[in-house]
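This report refers to the structure that appears directly beneath it.
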Amino acid sequence: MRTPLNAISGSVYSLIQENPTEGQKSALNTINFAVDNLIIMINDLLDFQKIEAGKLTIEHNPFHLGDLIRQVIMGLSFHAKDSKNQLKLHSSSSVDLMVKGDKTRISQVLNNLITNALKFTKEGNVDVKVELMSREVDKIRVYFEVKDTGIGIAAEHQERIFNDFDQVKPTFSTKYGGTGLGLSITRKLLGLMGGKIAVESEVGKGSRFFFELEFDLAQESISSLLNQSNKIENHNGLHLLMAEDNDVNALVLGKIIKKWGYTFDRSYNGLEAVSAAKSSTYDCILMDIQMPEMDGFEATKAIKAFSNVPVIALTAAAKQEIMEQIDACGFEGFVAKPIDAAELYKKINEVISAQSFKA
């Protein structure tokens, strides 16, 4: 299902870059929003299945908490504008810290809560609060809150909204969309991370969802992170190798790469990618994982045996499922399908900057 979504998402991105009229741009943004919602539904169903089977694991990797929160807010700014809501972040520099945790799952929880708040609020306010509650030598405790001025939830339904596949009214699925899994998954993810979600709400006035999480402080200091980010720059005139067997995906990705002013060669399988990396020079390789002849894992291992060129994995598989293989094969980065063009652009420049710094 993700392959056609990747084609739609990438094509819409390319069309938006063609200076469409306001009417066309509005229609394209609507398509993009619909695709994003469908991706969320698919991911919800897959996550629910993994949680129920006990196969979902929580990562414990370093990330910058303040940056993550700002990225989530920025990513939902169009949704807020589209629903005529004011989305505001209330936080201080006290949360600008390197911590250890599961960046992807924390982002998913915040996305679920904020998306719900925007969905059930029209021409109102959605306020996101993030505060440092306490700090020890190696740990911090952080308070998260998403508050809206939407339709609210009756007291008798406030526990029910966390049930699997449940919505307060049958008509909600038609009017507002969704699987009825978002809040159920949010509660379960927070439970796996040692948190507990709570809600306060009043019909006609709005809702407030809140929770606390404890994080281990990462060894990296904020200054070292800032020094690293300063080394990330936008590179011009890059020459890439795209290893992609699917013609539709390759067509869409090729259009995106050209929009950036980059050039590229295409390989149709892992064997061709290895051969191309031997015979030509590339600034970065975009490696699909599932390919005939030789998959992306084997191809990357073979390339790393003779080259230091950075390789980014492109796959529809969840990162958690293939993390060990990604690390073992020596990939410098990972971008999930359907491809987010802005995320891929950022990742390409990050890995090239890091490679230049090492050199």
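Letters A, B, ... mark the chains of the structure tokens in the order given; residue numbers begin at 1 per chain; ligand numbers begin at 1, in order shown.
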**OP:** Compile the contact shell of range 301-316 of chain A as a list in words: residues with an atom at most 6 Å away, counting only C-alpha atoms, same-chain residues fewer than 6 positions apart removed.
**Re:** Val274, Cys284, Ile285, Leu286, Met287, Asp288, Ile289, Cys329, Phe331, Glu332, Gly333, Phe334, Val335, Ala336 and Lys337 of chain A
Proximity check range 45-155 of chain A to range 189-207 of chain A, 8 Å, nearest pairs one decimal Å, only C-alpha atoms, as JSON lines:
```
{"residue": "A:Ile58", "atom": "CA", "partner": "A:Met193", "partner_atom": "CA", "distance": 7.1}
{"residue": "A:Arg105", "atom": "CA", "partner": "A:Leu189", "partner_atom": "CA", "distance": 7.1}
{"residue": "A:Val109", "atom": "CA", "partner": "A:Leu189", "partner_atom": "CA", "distance": 7.5}
{"residue": "A:Ala117", "atom": "CA", "partner": "A:Ser207", "partner_atom": "CA", "distance": 8.0}
{"residue": "A:Lys147", "atom": "CA", "partner": "A:Ser207", "partner_atom": "CA", "distance": 5.7}
{"residue": "A:Asp148", "atom": "CA", "partner": "A:Gly206", "partner_atom": "CA", "distance": 5.3}
{"residue": "A:Thr149", "atom": "CA", "partner": "A:Gly206", "partner_atom": "CA", "distance": 4.1}
{"residue": "A:Gly150", "atom": "CA", "partner": "A:Gly206", "partner_atom": "CA", "distance": 4.4}
{"residue": "A:Ile151", "atom": "CA", "partner": "A:Gly204", "partner_atom": "CA", "distance": 4.8}
{"residue": "A:Gly152", "atom": "CA", "partner": "A:Val203", "partner_atom": "CA", "distance": 4.1}
{"residue": "A:Ile153", "atom": "CA", "partner": "A:Val203", "partner_atom": "CA", "distance": 5.2}
{"residue": "A:Ala154", "atom": "CA", "partner": "A:Val203", "partner_atom": "CA", "distance": 5.6}
{"residue": "A:Ala155", "atom": "CA", "partner": "A:Ser201", "partner_atom": "CA", "distance": 7.3}
```
Would you pick out the contacts of Glu214 in chain A at 10 Å or less, using only C-alpha atoms, so that residues sharing its chain but fewer than 3 positions from it are not included, and give the list as a compact mmCIF listing (two decimals) with N, CA, C and O atoms, in the first residue's frame?
```
# COMPACT_ATOMS: atom_id res chain seq x y z
N VAL A 99 18.66 14.20 25.18
CA VAL A 99 18.16 13.15 26.06
C VAL A 99 18.21 11.82 25.32
O VAL A 99 18.46 11.76 24.12
N LYS A 100 17.95 10.75 26.05
CA LYS A 100 17.87 9.42 25.44
C LYS A 100 16.43 8.92 25.50
O LYS A 100 15.79 8.99 26.56
N GLY A 101 15.95 8.45 24.38
CA GLY A 101 14.58 7.95 24.32
C GLY A 101 14.24 7.54 22.91
O GLY A 101 15.12 7.44 22.04
N MET A 133 9.93 19.54 34.58
CA MET A 133 9.38 19.40 35.93
C MET A 133 10.47 19.28 36.97
O MET A 133 10.41 19.90 38.04
N SER A 134 11.49 18.49 36.65
CA SER A 134 12.59 18.30 37.60
C SER A 134 13.83 17.84 36.85
O SER A 134 13.74 17.30 35.75
N ARG A 135 14.98 18.08 37.49
CA ARG A 135 16.24 17.67 36.87
C ARG A 135 17.19 17.14 37.92
O ARG A 135 17.39 17.79 38.95
N LYS A 139 19.11 12.62 34.95
CA LYS A 139 17.72 12.42 34.52
C LYS A 139 16.95 13.72 34.54
O LYS A 139 17.27 14.64 35.29
N ILE A 140 15.92 13.79 33.70
CA ILE A 140 14.96 14.89 33.78
C ILE A 140 13.54 14.33 33.68
O ILE A 140 13.34 13.22 33.18
N ARG A 141 12.59 15.08 34.19
CA ARG A 141 11.18 14.73 34.06
C ARG A 141 10.48 15.88 33.36
O ARG A 141 10.62 17.05 33.76
N VAL A 142 9.72 15.57 32.30
CA VAL A 142 9.13 16.59 31.45
C VAL A 142 7.61 16.42 31.39
O VAL A 142 7.10 15.31 31.29
N TYR A 143 6.93 17.57 31.48
CA TYR A 143 5.46 17.60 31.41
C TYR A 143 5.04 18.03 30.00
O TYR A 143 5.55 19.01 29.45
N MET A 193 6.76 3.59 27.55
CA MET A 193 7.83 4.55 27.87
C MET A 193 7.78 5.01 29.32
O MET A 193 8.52 5.92 29.71
N GLY A 194 6.91 4.40 30.12
CA GLY A 194 6.84 4.73 31.54
C GLY A 194 5.96 5.91 31.88
O GLY A 194 6.05 6.47 32.98
N GLY A 195 5.09 6.31 30.97
CA GLY A 195 4.19 7.43 31.20
C GLY A 195 2.74 6.99 31.27
O GLY A 195 2.41 5.86 30.97
N LEU A 217 19.52 11.82 30.61
CA LEU A 217 20.28 12.83 29.88
C LEU A 217 21.39 12.16 29.07
O LEU A 217 22.07 11.27 29.57
```
**OP:** as a count of residues only, please: all residues of range 33-213 of chain A that backbone DSSP puts in helix (DSSP H, G or I).
**Re:** 80
Subject >> Residue contacts of Met74 in chain A (12 Å, only C-alpha atoms) excluding same-chain residues fewer than 5 positions away, as a ChimeraX atom specification >> reply: /A:67-69,79-81,87-89,111,114
Those residues with all heavy atoms, as a PDB file, in the first residue's frame please?
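Heads up, here's the output in out14.pdb:
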```pdb
ATOM      1  N   ASP A  67      14.347  20.399  19.753  1.00  0.00           N
ATOM      2  CA  ASP A  67      14.252  20.378  18.288  1.00  0.00           C
ATOM      3  C   ASP A  67      13.111  19.478  17.833  1.00  0.00           C
ATOM      4  O   ASP A  67      12.375  19.816  16.899  1.00  0.00           O
ATOM      5  CB  ASP A  67      15.564  19.882  17.677  1.00  0.00           C
ATOM      6  CG  ASP A  67      16.637  20.961  17.667  1.00  0.00           C
ATOM      7  OD1 ASP A  67      16.312  22.115  18.003  1.00  0.00           O
ATOM      8  OD2 ASP A  67      17.802  20.641  17.341  1.00  0.00           O
ATOM      9  N   LEU A  68      12.965  18.316  18.481  1.00  0.00           N
ATOM     10  CA  LEU A  68      11.902  17.384  18.102  1.00  0.00           C
ATOM     11  C   LEU A  68      10.528  18.035  18.262  1.00  0.00           C
ATOM     12  O   LEU A  68       9.667  17.941  17.373  1.00  0.00           O
ATOM     13  CB  LEU A  68      11.982  16.117  18.961  1.00  0.00           C
ATOM     14  CG  LEU A  68      10.845  15.107  18.747  1.00  0.00           C
ATOM     15  CD1 LEU A  68      10.907  14.529  17.344  1.00  0.00           C
ATOM     16  CD2 LEU A  68      10.883  14.004  19.778  1.00  0.00           C
ATOM     17  N   ILE A  69      10.308  18.696  19.380  1.00  0.00           N
ATOM     18  CA  ILE A  69       9.015  19.330  19.644  1.00  0.00           C
ATOM     19  C   ILE A  69       8.730  20.408  18.602  1.00  0.00           C
ATOM     20  O   ILE A  69       7.617  20.488  18.059  1.00  0.00           O
ATOM     21  CB  ILE A  69       9.000  19.934  21.060  1.00  0.00           C
ATOM     22  CG1 ILE A  69       9.115  18.814  22.104  1.00  0.00           C
ATOM     23  CG2 ILE A  69       7.716  20.740  21.301  1.00  0.00           C
ATOM     24  CD1 ILE A  69       9.564  19.300  23.465  1.00  0.00           C
ATOM     25  N   HIS A  79      -1.805  21.948   8.677  1.00  0.00           N
ATOM     26  CA  HIS A  79      -3.063  21.375   9.176  1.00  0.00           C
ATOM     27  C   HIS A  79      -3.806  22.407  10.010  1.00  0.00           C
ATOM     28  O   HIS A  79      -5.032  22.558   9.904  1.00  0.00           O
ATOM     29  CB  HIS A  79      -2.760  20.113   9.993  1.00  0.00           C
ATOM     30  CG  HIS A  79      -3.978  19.337  10.387  1.00  0.00           C
ATOM     31  ND1 HIS A  79      -3.915  18.145  11.072  1.00  0.00           N
ATOM     32  CD2 HIS A  79      -5.300  19.589  10.226  1.00  0.00           C
ATOM     33  CE1 HIS A  79      -5.135  17.703  11.298  1.00  0.00           C
ATOM     34  NE2 HIS A  79      -5.996  18.558  10.788  1.00  0.00           N
ATOM     35  N   ALA A  80      -3.081  23.123  10.855  1.00  0.00           N
ATOM     36  CA  ALA A  80      -3.712  24.156  11.697  1.00  0.00           C
ATOM     37  C   ALA A  80      -4.301  25.263  10.837  1.00  0.00           C
ATOM     38  O   ALA A  80      -5.445  25.705  11.055  1.00  0.00           O
ATOM     39  CB  ALA A  80      -2.679  24.726  12.667  1.00  0.00           C
ATOM     40  N   LYS A  81      -3.544  25.700   9.846  1.00  0.00           N
ATOM     41  CA  LYS A  81      -4.030  26.762   8.960  1.00  0.00           C
ATOM     42  C   LYS A  81      -5.244  26.299   8.177  1.00  0.00           C
ATOM     43  O   LYS A  81      -6.212  27.046   8.007  1.00  0.00           O
ATOM     44  CB  LYS A  81      -2.898  27.168   8.003  1.00  0.00           C
ATOM     45  CG  LYS A  81      -3.241  28.347   7.105  1.00  0.00           C
ATOM     46  CD  LYS A  81      -2.053  28.713   6.229  1.00  0.00           C
ATOM     47  CE  LYS A  81      -2.399  29.893   5.301  1.00  0.00           C
ATOM     48  NZ  LYS A  81      -1.262  30.225   4.415  1.00  0.00           N
ATOM     49  N   LEU A  87      -2.297  27.310  16.260  1.00  0.00           N
ATOM     50  CA  LEU A  87      -1.479  26.297  16.936  1.00  0.00           C
ATOM     51  C   LEU A  87      -0.271  26.990  17.545  1.00  0.00           C
ATOM     52  O   LEU A  87       0.538  27.589  16.828  1.00  0.00           O
ATOM     53  CB  LEU A  87      -1.042  25.221  15.941  1.00  0.00           C
ATOM     54  CG  LEU A  87      -0.075  24.149  16.456  1.00  0.00           C
ATOM     55  CD1 LEU A  87      -0.694  23.371  17.605  1.00  0.00           C
ATOM     56  CD2 LEU A  87       0.330  23.199  15.321  1.00  0.00           C
ATOM     57  N   LYS A  88      -0.140  26.922  18.856  1.00  0.00           N
ATOM     58  CA  LYS A  88       0.946  27.616  19.548  1.00  0.00           C
ATOM     59  C   LYS A  88       1.716  26.666  20.465  1.00  0.00           C
ATOM     60  O   LYS A  88       1.113  25.815  21.123  1.00  0.00           O
ATOM     61  CB  LYS A  88       0.390  28.781  20.368  1.00  0.00           C
ATOM     62  CG  LYS A  88      -0.207  29.903  19.533  1.00  0.00           C
ATOM     63  CD  LYS A  88      -0.703  31.039  20.416  1.00  0.00           C
ATOM     64  CE  LYS A  88      -1.304  32.169  19.577  1.00  0.00           C
ATOM     65  NZ  LYS A  88      -1.825  33.268  20.438  1.00  0.00           N
ATOM     66  N   LEU A  89       3.025  26.846  20.491  1.00  0.00           N
ATOM     67  CA  LEU A  89       3.893  26.071  21.376  1.00  0.00           C
ATOM     68  C   LEU A  89       4.322  26.942  22.545  1.00  0.00           C
ATOM     69  O   LEU A  89       4.770  28.076  22.349  1.00  0.00           O
ATOM     70  CB  LEU A  89       5.124  25.585  20.608  1.00  0.00           C
ATOM     71  CG  LEU A  89       6.227  24.916  21.430  1.00  0.00           C
ATOM     72  CD1 LEU A  89       5.720  23.640  22.086  1.00  0.00           C
ATOM     73  CD2 LEU A  89       7.446  24.625  20.550  1.00  0.00           C
ATOM     74  N   ASN A 111       2.082  13.905  17.668  1.00  0.00           N
ATOM     75  CA  ASN A 111       1.326  14.051  16.424  1.00  0.00           C
ATOM     76  C   ASN A 111      -0.111  13.586  16.594  1.00  0.00           C
ATOM     77  O   ASN A 111      -1.042  14.249  16.115  1.00  0.00           O
ATOM     78  CB  ASN A 111       2.000  13.268  15.293  1.00  0.00           C
ATOM     79  CG  ASN A 111       2.971  14.114  14.494  1.00  0.00           C
ATOM     80  OD1 ASN A 111       2.575  15.072  13.836  1.00  0.00           O
ATOM     81  ND2 ASN A 111       4.250  13.783  14.566  1.00  0.00           N
ATOM     82  N   ILE A 114      -2.005  16.215  18.888  1.00  0.00           N
ATOM     83  CA  ILE A 114      -2.207  17.521  18.253  1.00  0.00           C
ATOM     84  C   ILE A 114      -3.130  17.398  17.045  1.00  0.00           C
ATOM     85  O   ILE A 114      -4.003  18.244  16.826  1.00  0.00           O
ATOM     86  CB  ILE A 114      -0.857  18.149  17.858  1.00  0.00           C
ATOM     87  CG1 ILE A 114       0.013  18.365  19.100  1.00  0.00           C
ATOM     88  CG2 ILE A 114      -1.080  19.488  17.140  1.00  0.00           C
ATOM     89  CD1 ILE A 114       1.455  18.743  18.790  1.00  0.00           C
TER      90      ILE A 114
END
```
Original post:
Which of these residues is nearest to Leu110 in chain A, using only C-alpha atoms: A:Val130, A:Ile348, A:Ile51, A:Met98?
Top reply: A:Val130
Original post:
Distance CA of Gln108 in chain A-CA of Arg187 in chain A, one decimal place?
Top reply: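 Separation of CA of Gln108 in chain A and CA of Arg187 in chain A: 11.4 Å.
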Subject >> Proximity to Tyr262 in chain A - best of A:Arg208, A:His239, A:Arg70, A:Lys347, only C-alpha atoms >> reply: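 Using only C-alpha atoms, the shortest distance to Tyr262 in chain A belongs to A:His239.
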**OP:** Rank A:Ser184, A:Thr30, A:Thr121, A:Ser107 by their smallest atom-to-atom distance to Phe78 in chain A, using only C-alpha atoms, and report the top residue only.
**Re:** A:Thr30
Subject >> Residue with smallest distance to Phe264 in chain A - pool A:Thr281, A:Thr300, A:Asn249, A:Asn163, counting only C-alpha atoms >> reply: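 Under the stated criterion, the closest residue is A:Thr281.
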Original post:
Could you pull out the strand (DSSP E or B) residues of range 155-343 of chain A from DSSP and send them as a PyMOL selection string?
Top reply: chain A and resi 198-202+206-217+239-243+263-267+284-288+311-315+333-336
Restricting the output to N, CA and C atoms, write the selected residues as a CSV table (one decimal), in the first residue's frame.
```csv
chain,number,residue,atom,x,y,z
A,198,ALA,N,-3.6,11.4,30.8
A,198,ALA,CA,-4.8,11.8,31.5
A,198,ALA,C,-5.5,12.8,30.6
A,199,VAL,N,-6.8,13.0,30.8
A,199,VAL,CA,-7.6,13.9,30.1
A,199,VAL,C,-8.6,14.6,31.0
A,200,GLU,N,-8.8,15.9,30.7
A,200,GLU,CA,-9.8,16.7,31.3
A,200,GLU,C,-10.6,17.4,30.2
A,201,SER,N,-11.9,17.3,30.2
A,201,SER,CA,-12.6,17.9,29.1
A,201,SER,C,-14.0,18.3,29.5
A,202,GLU,N,-14.6,19.2,28.8
A,202,GLU,CA,-15.9,19.7,29.0
A,202,GLU,C,-16.6,19.9,27.6
A,206,GLY,N,-13.8,22.3,25.3
A,206,GLY,CA,-12.5,21.8,24.8
A,206,GLY,C,-12.0,20.8,25.7
A,207,SER,N,-10.8,20.3,25.4
A,207,SER,CA,-10.1,19.2,26.1
A,207,SER,C,-8.7,19.5,26.4
A,208,ARG,N,-8.2,18.8,27.4
A,208,ARG,CA,-6.7,18.9,27.8
A,208,ARG,C,-6.2,17.5,28.0
A,209,PHE,N,-5.2,17.1,27.2
A,209,PHE,CA,-4.6,15.8,27.4
A,209,PHE,C,-3.2,16.1,27.9
A,210,PHE,N,-2.7,15.4,28.9
A,210,PHE,CA,-1.4,15.6,29.5
A,210,PHE,C,-0.8,14.4,30.0
A,211,PHE,N,0.5,14.4,30.1
A,211,PHE,CA,1.3,13.3,30.6
A,211,PHE,C,2.7,13.7,31.0
A,212,GLU,N,3.4,12.9,31.7
A,212,GLU,CA,4.8,13.2,32.1
A,212,GLU,C,5.7,12.0,31.6
A,213,LEU,N,6.9,12.3,31.2
A,213,LEU,CA,7.9,11.3,30.9
A,213,LEU,C,9.2,11.6,31.5
A,214,GLU,N,9.9,10.6,31.9
A,214,GLU,CA,11.3,10.7,32.4
A,214,GLU,C,12.3,10.3,31.3
A,215,PHE,N,13.4,11.1,31.2
A,215,PHE,CA,14.4,10.8,30.2
A,215,PHE,C,15.8,10.8,30.9
A,216,ASP,N,16.6,9.9,30.4
A,216,ASP,CA,18.0,9.9,30.8
A,216,ASP,C,18.7,11.0,30.0
A,217,LEU,N,19.5,11.8,30.6
A,217,LEU,CA,20.3,12.8,29.9
A,217,LEU,C,21.4,12.2,29.1
A,239,HIS,N,25.9,14.9,-7.1
A,239,HIS,CA,25.6,13.8,-8.0
A,239,HIS,C,25.3,12.5,-7.2
A,240,LEU,N,24.1,12.0,-7.4
A,240,LEU,CA,23.6,10.9,-6.6
A,240,LEU,C,23.4,9.6,-7.4
A,241,LEU,N,23.5,8.5,-6.7
A,241,LEU,CA,23.1,7.2,-7.3
A,241,LEU,C,21.8,6.8,-6.6
A,242,MET,N,20.8,6.6,-7.4
A,242,MET,CA,19.5,6.1,-7.0
A,242,MET,C,19.3,4.6,-7.3
A,243,ALA,N,19.3,3.7,-6.3
A,243,ALA,CA,19.0,2.3,-6.5
A,243,ALA,C,17.6,2.0,-6.2
A,263,THR,N,22.0,16.0,-9.9
A,263,THR,CA,22.0,15.0,-11.0
A,263,THR,C,22.0,13.6,-10.4
A,264,PHE,N,21.6,12.6,-11.1
A,264,PHE,CA,21.6,11.3,-10.6
A,264,PHE,C,21.7,10.2,-11.7
A,265,ASP,N,22.2,9.1,-11.3
A,265,ASP,CA,22.2,7.8,-12.1
A,265,ASP,C,21.2,6.9,-11.4
A,266,ARG,N,20.6,6.0,-12.2
A,266,ARG,CA,19.7,5.0,-11.6
A,266,ARG,C,20.2,3.6,-11.8
A,267,SER,N,20.1,2.8,-10.7
A,267,SER,CA,20.4,1.4,-10.8
A,267,SER,C,19.1,0.6,-10.5
A,284,CYS,N,26.4,10.7,-2.8
A,284,CYS,CA,25.5,10.0,-1.8
A,284,CYS,C,24.8,9.0,-2.6
A,285,ILE,N,24.4,7.9,-2.0
A,285,ILE,CA,23.6,6.8,-2.6
A,285,ILE,C,22.3,6.7,-1.9
A,286,LEU,N,21.2,6.7,-2.6
A,286,LEU,CA,19.9,6.4,-2.1
A,286,LEU,C,19.5,5.0,-2.4
A,287,MET,N,19.5,4.2,-1.4
A,287,MET,CA,19.4,2.7,-1.6
A,287,MET,C,18.0,2.1,-1.1
A,288,ASP,N,17.2,1.7,-2.1
A,288,ASP,CA,16.0,0.9,-1.8
A,288,ASP,C,16.4,-0.4,-1.1
A,311,VAL,N,25.5,6.2,2.4
A,311,VAL,CA,24.3,5.5,1.8
A,311,VAL,C,23.1,5.7,2.7
A,312,ILE,N,22.0,6.1,2.1
A,312,ILE,CA,20.8,6.3,2.9
A,312,ILE,C,19.8,5.2,2.5
A,313,ALA,N,19.2,4.6,3.5
A,313,ALA,CA,18.2,3.5,3.2
A,313,ALA,C,16.9,4.1,3.0
A,314,LEU,N,16.2,3.6,1.9
A,314,LEU,CA,14.8,4.1,1.6
A,314,LEU,C,14.0,2.8,1.6
A,315,THR,N,13.0,2.8,2.6
A,315,THR,CA,12.2,1.6,2.7
A,315,THR,C,10.8,1.9,3.3
A,333,GLY,N,22.1,6.8,7.0
A,333,GLY,CA,20.8,7.4,7.3
A,333,GLY,C,19.7,6.5,6.8
A,334,PHE,N,18.5,6.9,7.2
A,334,PHE,CA,17.3,6.2,6.9
A,334,PHE,C,16.1,7.1,6.7
A,335,VAL,N,15.4,6.9,5.6
A,335,VAL,CA,14.2,7.7,5.3
A,335,VAL,C,13.1,6.8,4.9
A,336,ALA,N,11.9,6.9,5.6
A,336,ALA,CA,10.8,6.0,5.4
A,336,ALA,C,10.0,6.4,4.1
```
**OP:** For CA of Asp127 in chain A and CA of Gly182 in chain A, determine how far apart the two atoms are, in Å to one decimal place.
**Re:**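 Calculated distance between CA of Asp127 in chain A and CA of Gly182 in chain A is 19.2 Å.
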Original post:
Which of these, A:Ser91, A:Asn43, A:Gln355, A:Asn32, has the shortest distance to Tyr13 in chain A once you count only C-alpha atoms?
Top reply: A:Asn32
